[in-house]
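Structure, as structure tokens:
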Amino acid sequence: MFYWFMKTFVLGPVLKSLFRPWVKGLDNVPAEGAAILASNHLSFSDSIFMPLMVPRPVVFLAKSEYFTGKGIKGKLTAAFFRLTNQLPMDRSGGAASALSLNAGMDVLKNGSLLGIYPEGTRSPDARLYRGKVGVARLALQARVPVIPVAMIGTDKVQPIGKRVPNIRRIGMIFGEPMDFSRYYGMEDDRLIQRSVTDEIMYELMRLSGQEYVDEYAAVVKLRLAGKATGLPEAGAGSTGPDAPGSV
């Protein structure tokens, strides 16, 4: 109820008036039934604008830190994410991330829409980075279509580190549903997972027009921060922004 109220009467009208989002291919989102909305990830605001334009509710997996903050600000943040259909996602890898992905499976089994950022974190430089295979595991295990979504210009509205957004127009393109039924029953095959993920990333590159980098965005961020870069390939990618939708 809170989600619908905020989208319809509070945030929705204000954001649409200020940012005038344009949308192409919205009819590619199924009117009913489960599906994964796999998006590029340029800004924290991706997880606000994309669900705003989709008629059905979209559930994102948000990084678990948003749910464990201290003090009044932390509690308000956690409450906001819970009330806006976000679920906590542990991105530390291994068993913790696998358990978090089960929450995504539950969303799909309930016939709902699950938002995912296969890159696993926001792009540090507006380029498109290698996807994590969790999106493939979810799509194959749940046997649902994947709708590629290209967010356009949100990095200019709210660059990483900027709290107050710039007022400018943004857009999004919803591609045709991607059917991976030819791989059903092979969801545990690592090569199949990688093939499906790469196919999704190629479609995101085509729709968004971004330059593709065959490297994990998280590794690049660590390198830019002067830290070690030996990160394993784990997780679903993301379903939240570094943020909602990150897995």
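Letters A, B, ... mark the chains of the structure tokens in the order given; residue numbers begin at 1 per chain; ligand numbers begin at 1, in order shown.
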### Query
Which polymer residues have any atom within 7 Å of an atom of Asn40 in chain A, counting only C-alpha atoms, with same-chain residues fewer than 4 positions away left out, as a PyMOL selection string?
chain A and resi 117+128+149-151+204
Selection to disk with N, CA and C atoms, as a compact mmCIF listing (two decimals), in the first residue's frame:
# COMPACT_ATOMS: atom_id res chain seq x y z
N TYR A 117 20.68 -5.77 -11.23
CA TYR A 117 21.79 -5.12 -11.91
C TYR A 117 22.90 -6.15 -12.05
N LEU A 128 29.82 0.02 -19.50
CA LEU A 128 29.12 -1.20 -19.10
C LEU A 128 30.14 -2.28 -18.79
N VAL A 149 16.99 -3.86 -19.65
CA VAL A 149 16.56 -2.47 -19.47
C VAL A 149 17.78 -1.56 -19.51
N ALA A 150 17.78 -0.62 -20.43
CA ALA A 150 18.88 0.34 -20.54
C ALA A 150 18.47 1.67 -19.93
N MET A 151 19.14 2.06 -18.86
CA MET A 151 18.91 3.37 -18.25
C MET A 151 19.79 4.38 -18.98
N LEU A 204 22.24 -5.41 -23.33
CA LEU A 204 22.29 -4.14 -22.61
C LEU A 204 23.22 -3.16 -23.30
### Query
Could you pull the residues within 12 Å of range 135-137 of chain A, counting only C-alpha atoms, minus those fewer than 6 positions along the same chain, as a PyMOL selection string?
chain A and resi 35-39+61+98+101-102+104-105+114-120+143-148+178-181+183-201+234-239+245-247
## Note on the structure
CA of Met50 in chain A sits from CA of Gly171 in chain A at a separation of 9.1 Å
### Task
Kindly indicate which residue among A:Phe2, A:Lys221, A:Phe9, A:Phe19 lies nearest to Arg82 in chain A, using only C-alpha atoms for the distances.
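Smallest separation from Arg82 in chain A among the options: A:Phe2.
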### Query
If you measure from CA of Gly33 in chain A to CA of Leu15 in chain A, what distance in Å do you get, rounded to one decimal?
27.5 Å
### Nearby residues (only C-alpha atoms) at most 12 Å from Ala78 in chain A, same-chain spacing under 2 positions excluded, as a VMD selection string
chain A and resid 62 to 76 80 to 88 244
### Message
So that I can check the secondary structure, give me every residue of range 2-244 of chain A assigned strand (DSSP E or B) by backbone DSSP, as a PyMOL selection string.
### Response
chain A and resi 22-24+35-39+58-63+86-89+113-117+128-129+146-152+171-174+178+212-213+239
### Task
DSSP on the backbone, then: every residue of range 94-198 of chain A marked helix (DSSP H, G or I), written as a ChimeraX atom specification.
/A:94-109,134-142,154-157,181-183,190-198
### Message
I need the residue nearest Tyr3 in chain A from this list: A:Val133, A:Glu32, A:Val58, A:Leu42. Use only C-alpha atoms for the distance.
### Response
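Going through A:Val133, A:Glu32, A:Val58, A:Leu42 one by one, the smallest distance to Tyr3 in chain A is for A:Val58.
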